[in-house]
Amino acid sequence: MPTQLITIEHHILEQERAYPEATGVFSNLLYDVALAAKIVAREIQRAGLGNILGKSGTVNVQGEQQLKFDVFANDAFINMNSFTGRVGIMASEELDDLVTPTEAMKSGKYVLIFDPIDGSSNIDVNVSVGTVFSVYRRKTPVGTAGTQEDCLQPGKEMVAAGYIIYGSSTMMVYSTGNGVHGFTLEPTLGEFLLSHPNIQIPEIPKYYSTNESYNKYWSAGIQKYTRYLQGLDSQALPYKLSARYVGSLVSDFHRNLLQGGIFYYPLLYKDLNNPKPKLRLLYEAAPLAFIARGAGGYASDGEQSILDIQPESVHQRVPLFIGNRDLVEKAEEYIRNYG
Ligand code: AHM
Ligand code: MG
């Protein structure tokens with residue numbers, strides 16, 4: 001911890017000063033996200049005690065059982081941002097449709113897209129989960145209700161992204177395109193304090209992270225690429241990697257961001273004629289791709305940069321390869337050569 005305590009608010013304001021034309025709206029929006037994160041963190045810390053574990057009895061747009069926590073966190077992020085006049089439209093992984101714009105949202109300049117709790121099934125067994133968010137400028141005119149058009153922007157148009165990891169401590173990591181910075185929640189102060197300034201992915205990676213039980217559903221290229229990562233392919237791996245997989249994307253990404261590595265969730269050929277990706281472009285892949293790029297890494301769908309993909313629907317899914325650039329580019333090469 002640095003000797004001078006820098007709160008997240010202080011840090012956001014300092015970043016804002018680099019833009020003399022800034023009005024402060026964007027800074028406050030990031031601070032609203034941090035506040036919602038604190039509310040969720042507080043609830044997660046007491047998770048085993050209240051009546052908040054388990055299923056809510058509802059099903060989300062992906063056809064998955066919603067957990068009470070998904071609903072709680074979703075409401076926290078929406079409530080914190082629907083009255084401020086900073087956000088014009090919101091989309092949440094948990095909701096079928098976009099968040100219905102309130103009167104106050106009509107004047108909002110920004111688009112907020114989030115996955116309130118990613119990996120939520122891990123909460124019931126006390127394993128880290130995360131929130132992922134991204135911010136865009138809206139396309140439709142301020143003063144009107146925001147629409148889907150505002151949400152369907154490629155990641156390269158993003159103005160900020162970040163995640164919160166609810167782990168052994170709670171951390172918020174964010175970027176506005178000017179470095180990636182990590183803050184740890186000081187529970188007695190109730191403040192996020194700068195603990196990881198200017199995060200860069202280490203040049204020599206340590207880990208590969210994937211759900212290897214799907215090996216039989218992978219393409220030949222992905223099977224061969226995995227053997228490469230294990231040091232078993234004819235092409236030599238220049239270092240030794242170890243395997244780590246939490247099954248909670250933010251946790252897997254965060255570990256690899258700090259220690260170097262690749263996370264991948266490729267297409268699964270459960271049906272040979274209809275391979276399917278799992279992770280969502282807007283809620284998960286694009287924001288983490290923005291963070292990876294800011295830290296010197298790279299994210300791809302196996303063929304192109306995640307940040308270049310033009311979304312066609314808010315719940316669109318993509319294959320994801322993310323982490324150290326050389327490892328992600330190597331995945332692209334294996335896919336090109338072996339399918
Ligand atoms: P969710 O959005 O329904 O929580 O699913 C996303 C999660 C990611 O956190 C994680 O990387 C992945 O699903 C794990 O999937 P699997 O259990 O198939 O390995
Ligand atoms: Mg998710």
# chains A, B, ... in the order shown; residues from 1 in each chain; ligands from 1

$ residues_near_ligand --ligand "ligand 2" --cutoff "8 Å" --atoms "only C-alpha atoms and all ligand atoms" --output "list of chain:residue names"
A:Glu93, A:Asp115, A:Pro116, A:Ile117, A:Asp118, A:Gly119, A:Ser120, A:Leu249, A:Leu279, A:Arg280, A:Tyr283, A:Glu284

$ closest_atom_pairs --of "region 176-217 of chain A" --to "region 30-51 of chain A" --cutoff "10 Å" --atoms "only C-alpha atoms" --output "tab-separated table"
residue	atom	partner	partner_atom	distance
A:Thr176	CA	A:Leu30	CA	9.8
A:Leu185	CA	A:Lys38	CA	8.1
A:Pro187	CA	A:Arg42	CA	9.0
A:Gly190	CA	A:Lys38	CA	7.6
A:Glu191	CA	A:Lys38	CA	8.3
A:Phe192	CA	A:Ala34	CA	8.0

$ write_last_selection --atoms "C-alpha atoms" --output "PDB file, in the first residue's frame"
ATOM      1  CA  THR A 176     -10.278   5.174 -19.091  1.00  0.00           C
ATOM      2  CA  LEU A 185     -11.532  -1.659  -0.593  1.00  0.00           C
ATOM      3  CA  PRO A 187     -13.292  -2.115   4.876  1.00  0.00           C
ATOM      4  CA  GLY A 190     -15.384   1.991   3.268  1.00  0.00           C
ATOM      5  CA  GLU A 191     -13.142   3.460   0.566  1.00  0.00           C
ATOM      6  CA  PHE A 192     -11.349   2.046  -2.445  1.00  0.00           C
TER       7      PHE A 192
END

$ closest_residue --among "A:Gly297, A:Pro101, A:Gly155, A:Gly88" --to "Gln200 (chain A)" --atoms "only C-alpha atoms"
A:Gly297

$ residues_around --residues "region 239-243 of chain A" --least-positions-apart "6" --cutoff "12 Å" --atoms "only C-alpha atoms" --output "ChimeraX atom specification"
/A:203-212,226-232,252,255-256,259-264,326-327

$ write_last_selection --atoms "C-alpha atoms" --output "compact mmCIF listing (two decimals), in the first residue's frame"
# COMPACT_ATOMS: atom_id res chain seq x y z
CA GLU A 203 6.08 -10.30 -20.07
CA ILE A 204 6.68 -13.90 -19.03
CA PRO A 205 3.31 -15.52 -18.35
CA LYS A 206 2.72 -18.12 -15.67
CA TYR A 207 -0.69 -19.64 -16.36
CA TYR A 208 -3.11 -21.00 -18.90
CA SER A 209 -6.75 -21.07 -17.85
CA THR A 210 -9.48 -23.01 -19.57
CA ASN A 211 -12.08 -25.62 -18.73
CA GLU A 212 -10.19 -28.70 -19.93
CA THR A 226 -3.63 -26.66 -25.57
CA ARG A 227 -0.91 -29.27 -26.09
CA TYR A 228 1.38 -26.40 -27.09
CA LEU A 229 0.58 -24.60 -23.81
CA GLN A 230 1.32 -27.82 -21.95
CA GLY A 231 4.70 -28.09 -23.70
CA LEU A 232 3.54 -31.24 -25.55
CA ASP A 252 -9.32 -15.98 -13.79
CA ARG A 255 -4.97 -13.51 -11.71
CA ASN A 256 -3.60 -13.65 -15.25
CA GLN A 259 0.81 -12.79 -13.02
CA GLY A 260 0.68 -13.26 -16.79
CA GLY A 261 -1.15 -15.90 -18.77
CA ILE A 262 -4.02 -16.68 -21.09
CA PHE A 263 -7.68 -17.42 -20.42
CA TYR A 264 -9.65 -19.01 -23.23
CA ASP A 326 2.01 -13.56 -27.75
CA LEU A 327 -0.15 -16.35 -26.30

$ closest_residue --among "A:Gly339, A:Pro141, A:Asp301, A:Leu272" --to "Phe321 (chain A)" --atoms "only C-alpha atoms"
A:Asp301

$ select_by_dssp --residues "region 60-181 of chain A" --states "helix (DSSP H, G or I)" --output "PyMOL selection string"
chain A and resi 68-81+104-107+120-125+148-151+155-157

$ residues_around --residues "Ile309 (chain A)" --least-positions-apart "3" --cutoff "10 Å" --atoms "only C-alpha atoms" --output "number ranges by chain"
A: 153-156, 281-282, 286, 300-301, 304-306, 312, 318

$ select_by_dssp --residues "region 28-259 of chain A" --states "strand (DSSP E)" --output "PyMOL selection string"
chain A and resi 55-59+65-67+87-92+110-118+129-137+160-166+170-175+180-186+191-196+207-209+242-243

$ residues_around --residues "Val180 (chain A)" --least-positions-apart "6" --cutoff "12 Å" --atoms "only C-alpha atoms" --output "PyMOL selection string"
chain A and resi 11+15+160-163+172-174+194-201+254+257-258+288-297

$ write_last_selection --atoms "N, CA, C and O atoms" --output "compact mmCIF listing (two decimals), in the first residue's frame"
# COMPACT_ATOMS: atom_id res chain seq x y z
N HIS A 11 -8.36 9.73 -7.40
CA HIS A 11 -7.72 9.25 -8.62
C HIS A 11 -8.53 9.60 -9.86
O HIS A 11 -8.00 10.07 -10.87
N GLN A 15 -7.44 12.07 -12.98
CA GLN A 15 -7.48 11.67 -14.40
C GLN A 15 -8.30 12.69 -15.20
O GLN A 15 -7.98 13.03 -16.32
N ALA A 160 -14.56 3.82 -21.09
CA ALA A 160 -14.02 3.28 -19.83
C ALA A 160 -14.53 1.87 -19.65
O ALA A 160 -15.58 1.50 -20.17
N ALA A 161 -13.77 1.09 -18.91
CA ALA A 161 -14.21 -0.26 -18.55
C ALA A 161 -13.55 -0.64 -17.25
O ALA A 161 -12.54 -0.03 -16.85
N GLY A 162 -14.11 -1.63 -16.62
CA GLY A 162 -13.50 -2.09 -15.38
C GLY A 162 -14.20 -3.31 -14.84
O GLY A 162 -15.16 -3.81 -15.42
N TYR A 163 -13.67 -3.77 -13.74
CA TYR A 163 -14.33 -4.88 -13.04
C TYR A 163 -14.10 -4.72 -11.55
O TYR A 163 -13.20 -4.00 -11.10
N MET A 172 -11.37 -2.96 -7.14
CA MET A 172 -11.93 -2.41 -8.37
C MET A 172 -10.76 -2.05 -9.28
O MET A 172 -9.82 -1.39 -8.85
N VAL A 173 -10.82 -2.53 -10.51
CA VAL A 173 -9.78 -2.24 -11.50
C VAL A 173 -10.47 -1.52 -12.64
O VAL A 173 -11.52 -1.98 -13.11
N TYR A 174 -9.94 -0.38 -13.05
CA TYR A 174 -10.60 0.32 -14.14
C TYR A 174 -9.59 1.01 -15.04
O TYR A 174 -8.42 1.21 -14.67
N LEU A 194 -6.02 3.32 -3.82
CA LEU A 194 -5.12 2.89 -4.90
C LEU A 194 -4.08 1.92 -4.35
O LEU A 194 -3.32 2.27 -3.45
N SER A 195 -4.08 0.71 -4.87
CA SER A 195 -3.12 -0.29 -4.41
C SER A 195 -2.28 -0.84 -5.56
O SER A 195 -1.19 -1.35 -5.35
N HIS A 196 -2.79 -0.74 -6.79
CA HIS A 196 -2.09 -1.31 -7.95
C HIS A 196 -2.10 -0.29 -9.09
O HIS A 196 -2.88 -0.41 -10.04
N PRO A 197 -1.24 0.75 -9.00
CA PRO A 197 -1.22 1.74 -10.09
C PRO A 197 -0.58 1.15 -11.35
O PRO A 197 0.31 0.29 -11.25
N ASN A 198 -1.05 1.59 -12.50
CA ASN A 198 -0.41 1.23 -13.79
C ASN A 198 -0.10 -0.25 -13.95
O ASN A 198 1.05 -0.63 -14.15
N ILE A 199 -1.14 -1.06 -13.91
CA ILE A 199 -0.92 -2.51 -14.04
C ILE A 199 -0.49 -2.85 -15.47
O ILE A 199 -1.09 -2.40 -16.44
N GLN A 200 0.55 -3.64 -15.57
CA GLN A 200 1.01 -4.17 -16.85
C GLN A 200 1.11 -5.68 -16.74
O GLN A 200 1.63 -6.18 -15.73
N ILE A 201 0.63 -6.40 -17.73
CA ILE A 201 0.76 -7.86 -17.70
C ILE A 201 2.25 -8.22 -17.75
O ILE A 201 2.96 -7.72 -18.63
N HIS A 254 -8.26 -11.67 -13.60
CA HIS A 254 -7.49 -10.85 -12.66
C HIS A 254 -6.15 -11.52 -12.32
O HIS A 254 -5.10 -10.87 -12.31
N LEU A 257 -3.92 -11.24 -15.27
CA LEU A 257 -3.49 -9.85 -15.48
C LEU A 257 -2.29 -9.55 -14.58
O LEU A 257 -1.31 -8.92 -15.00
N LEU A 258 -2.36 -9.98 -13.35
CA LEU A 258 -1.28 -9.67 -12.41
C LEU A 258 -0.08 -10.59 -12.56
O LEU A 258 1.05 -10.19 -12.28
N LEU A 288 -13.30 -6.59 -20.70
CA LEU A 288 -12.03 -7.17 -20.27
C LEU A 288 -10.98 -7.01 -21.36
O LEU A 288 -9.79 -6.85 -21.08
N ALA A 289 -11.42 -7.02 -22.62
CA ALA A 289 -10.48 -6.79 -23.74
C ALA A 289 -9.88 -5.38 -23.64
O ALA A 289 -8.69 -5.16 -23.91
N PHE A 290 -10.72 -4.42 -23.26
CA PHE A 290 -10.26 -3.03 -23.12
C PHE A 290 -9.21 -2.93 -22.00
O PHE A 290 -8.18 -2.27 -22.14
N ILE A 291 -9.48 -3.63 -20.90
CA ILE A 291 -8.53 -3.63 -19.78
C ILE A 291 -7.23 -4.34 -20.20
O ILE A 291 -6.13 -3.85 -19.93
N ALA A 292 -7.39 -5.48 -20.88
CA ALA A 292 -6.19 -6.23 -21.31
C ALA A 292 -5.32 -5.35 -22.20
O ALA A 292 -4.10 -5.26 -22.01
N ARG A 293 -5.95 -4.66 -23.15
CA ARG A 293 -5.17 -3.80 -24.05
C ARG A 293 -4.43 -2.71 -23.26
O ARG A 293 -3.27 -2.42 -23.50
N GLY A 294 -5.12 -2.12 -22.30
CA GLY A 294 -4.51 -1.06 -21.49
C GLY A 294 -3.33 -1.55 -20.67
O GLY A 294 -2.47 -0.76 -20.27
N ALA A 295 -3.30 -2.85 -20.42
CA ALA A 295 -2.21 -3.42 -19.61
C ALA A 295 -1.16 -4.10 -20.48
O ALA A 295 -0.31 -4.83 -19.98
N GLY A 296 -1.25 -3.86 -21.80
CA GLY A 296 -0.23 -4.42 -22.71
C GLY A 296 -0.60 -5.78 -23.26
O GLY A 296 0.20 -6.42 -23.93
N GLY A 297 -1.81 -6.26 -22.96
CA GLY A 297 -2.25 -7.57 -23.46
C GLY A 297 -3.14 -7.45 -24.67
O GLY A 297 -3.20 -6.39 -25.32

$ closest_residue --among "A:Ala145, A:Ala220, A:Leu95, A:Leu189" --to "ligand 1" --atoms "only C-alpha atoms and all ligand atoms"
A:Leu95

$ atom_distance --atom1 "CA of Thr23 (chain A)" --atom2 "CA of Gly85 (chain A)"
13.1 Å

$ closest_residue --among "A:Val129, A:Leu193, A:Leu307, A:Leu237" --to "ligand 1" --atoms "only C-alpha atoms and all ligand atoms"
A:Val129
